[in-house]
>>> print(open('protein_7.cif').read())   # mmCIF, C-alpha atoms
data_work
#
loop_
_atom_site.group_PDB
_atom_site.id
_atom_site.type_symbol
_atom_site.label_atom_id
_atom_site.label_comp_id
_atom_site.auth_asym_id
_atom_site.auth_seq_id
_atom_site.Cartn_x
_atom_site.Cartn_y
_atom_site.Cartn_z
ATOM 1 C CA MET A 1 97.605 103.720 77.656
ATOM 2 C CA ASP A 2 96.460 103.435 81.263
ATOM 3 C CA GLN A 3 92.678 102.874 81.338
ATOM 4 C CA ASN A 4 92.153 105.537 84.013
ATOM 5 C CA LEU A 5 94.144 108.068 82.003
ATOM 6 C CA GLU A 6 92.219 107.224 78.850
ATOM 7 C CA ASN A 7 88.905 107.656 80.693
ATOM 8 C CA ARG A 8 89.963 111.060 82.010
ATOM 9 C CA ILE A 9 90.959 112.152 78.500
ATOM 10 C CA ARG A 10 87.675 110.831 77.084
ATOM 11 C CA GLU A 11 85.648 112.739 79.703
ATOM 12 C CA ARG A 12 87.587 115.946 79.080
ATOM 13 C CA ALA A 13 87.224 115.562 75.297
ATOM 14 C CA TYR A 14 83.469 115.224 75.799
ATOM 15 C CA GLU A 15 83.444 118.392 77.936
ATOM 16 C CA ILE A 16 85.348 120.268 75.222
ATOM 17 C CA TRP A 17 82.951 118.950 72.564
ATOM 18 C CA ALA A 18 79.942 120.087 74.615
ATOM 19 C CA ALA A 19 81.533 123.483 75.299
ATOM 20 C CA HIS A 20 81.976 123.985 71.548
ATOM 21 C CA GLY A 21 78.299 123.416 70.848
ATOM 22 C CA CYS A 22 78.377 119.638 70.244
ATOM 23 C CA MET A 23 79.579 120.149 66.697
ATOM 24 C CA HIS A 24 80.497 116.890 64.978
ATOM 25 C CA GLY A 25 83.584 116.435 62.850
ATOM 26 C CA GLN A 26 86.161 117.684 65.356
ATOM 27 C CA ALA A 27 86.530 114.618 67.569
ATOM 28 C CA GLU A 28 90.257 114.290 66.886
ATOM 29 C CA GLN A 29 90.939 117.949 67.764
ATOM 30 C CA HIS A 30 88.893 117.627 70.959
ATOM 31 C CA TRP A 31 90.691 114.418 71.908
ATOM 32 C CA LEU A 32 94.124 115.951 71.308
ATOM 33 C CA ALA A 33 93.253 119.085 73.278
ATOM 34 C CA ALA A 34 91.985 116.953 76.164
ATOM 35 C CA GLU A 35 95.077 114.757 75.993
ATOM 36 C CA ARG A 36 97.365 117.810 76.185
ATOM 37 C CA GLU A 37 95.477 119.198 79.197
ATOM 38 C CA ILE A 38 95.343 115.936 81.124
ATOM 39 C CA LEU A 39 98.955 114.994 80.426
ATOM 40 C CA ALA A 40 100.175 118.489 81.334
ATOM 41 C CA ALA A 41 98.257 118.370 84.616
ATOM 42 C CA SER A 42 99.550 114.862 85.359
ATOM 43 C CA THR A 43 103.117 115.881 84.584
ATOM 44 C CA ALA A 44 102.861 118.959 86.798
ATOM 45 C CA ALA A 45 101.421 116.914 89.656
ATOM 46 C CA LEU A 46 104.149 114.301 89.293
ATOM 47 C CA ALA A 47 106.852 116.966 89.161
ATOM 48 C CA GLY A 48 105.486 118.470 92.362
ATOM 49 C CA LYS A 49 105.693 115.118 94.111
ATOM 50 C CA LEU A 50 109.230 114.456 92.928
ATOM 51 C CA ALA A 51 110.668 117.911 93.536
ATOM 52 C CA PRO A 52 112.712 118.119 96.719
ATOM 53 C CA LYS A 53 110.950 120.241 99.254
ATOM 54 C CA LYS A 54 112.940 123.236 100.419
ATOM 55 C CA LYS A 55 113.246 123.731 104.114
ATOM 56 C CA GLN A 56 111.793 127.023 105.153
ATOM 57 C CA ARG A 57 113.957 129.018 107.463
ATOM 58 C CA SER A 58 112.132 130.193 110.490
ATOM 59 C CA GLN A 59 112.061 133.930 110.600
ATOM 60 C CA ALA A 60 112.418 135.733 113.863
ATOM 61 C CA PRO A 61 109.812 138.403 114.537
ATOM 62 C CA ILE A 62 110.920 141.909 113.620
ATOM 63 C CA SER A 63 110.782 142.977 117.258
ATOM 64 C CA THR A 64 113.469 140.399 118.066
ATOM 65 C CA LEU A 65 115.680 141.594 115.245
ATOM 66 C CA SER A 66 115.435 145.217 116.259
ATOM 67 C CA GLY A 67 116.943 144.333 119.622
ATOM 68 C CA CYS A 68 120.151 142.896 118.140
ATOM 69 C CA HIS A 69 123.239 144.671 119.350
ATOM 70 C CA GLY A 70 126.708 144.459 117.946
ATOM 71 C CA LEU A 71 125.518 143.027 114.625
ATOM 72 C CA GLY A 72 125.756 146.237 112.640
ATOM 73 C CA MET A 73 122.061 146.854 112.773
#
>>> encode(input="protein_7.cif", output="structure tokens")
Amino acid sequence: MDQNLENRIRERAYEIWAAHGCMHGQAEQHWLAAEREILAASTAALAGKLAPKKKQRSQAPISTLSGCHGLGM
């Protein structure tokens, strides 16, 4: 596992542990929850980078469109 990724998971697991009152005996559950969160966020970020960006069509102002003649408007 990438060291940076493991550190992020470890930090998040600690945050979860602290948020649950620092109760011992649930380290594995906290680690798995942190792992799910971090990996989901990483996957979403990666998907956003890889997804082809759609070109936005420029929209003419409404005032321009209302002046169209012969276009059935």
>>> axis_aligned_box(input="protein_7.cif", around="segment 16-20 of chain A", padding_each_side="4 Å", output="lines of an AutoDock Vina configuration file")
center_x = 82.6
center_y = 121.5
center_z = 73.4
size_x = 13.4
size_y = 13.0
size_z = 11.8
>>> residues_around(input="protein_7.cif", residues="Arg12 of chain A", least_positions_apart="3", cutoff="8 Å", atoms="only C-alpha atoms", output="PyMOL selection string")
chain A and resi 8-9+15-16+31+34
>>> residues_around(input="protein_7.cif", residues="Gln29 of chain A", least_positions_apart="4", cutoff="10 Å", atoms="only C-alpha atoms", output="list in words")
Ala13, Ile16, Trp17, Gly25, Ala33, Ala34 and Glu35 of chain A
>>> atom_distance(input="protein_7.cif", atom1="atom CA of Thr43 of chain A", atom2="atom CA of His20 of chain A")
26.1 Å
>>> atom_distance(input="protein_7.cif", atom1="atom CA of Ala41 of chain A", atom2="atom CA of Tyr14 of chain A")
17.5 Å
>>> atom_distance(input="protein_7.cif", atom1="atom CA of Asn7 of chain A", atom2="atom CA of Gly48 of chain A")
23.0 Å
>>> residues_near_point(input="protein_7.cif", point="(97.9, 110.3, 78.6)", cutoff="8 Å", atoms="all atoms listed in the file", output="MDAnalysis selection string")
chainID A and resid 1:2 5:6 9 35:36 38:39
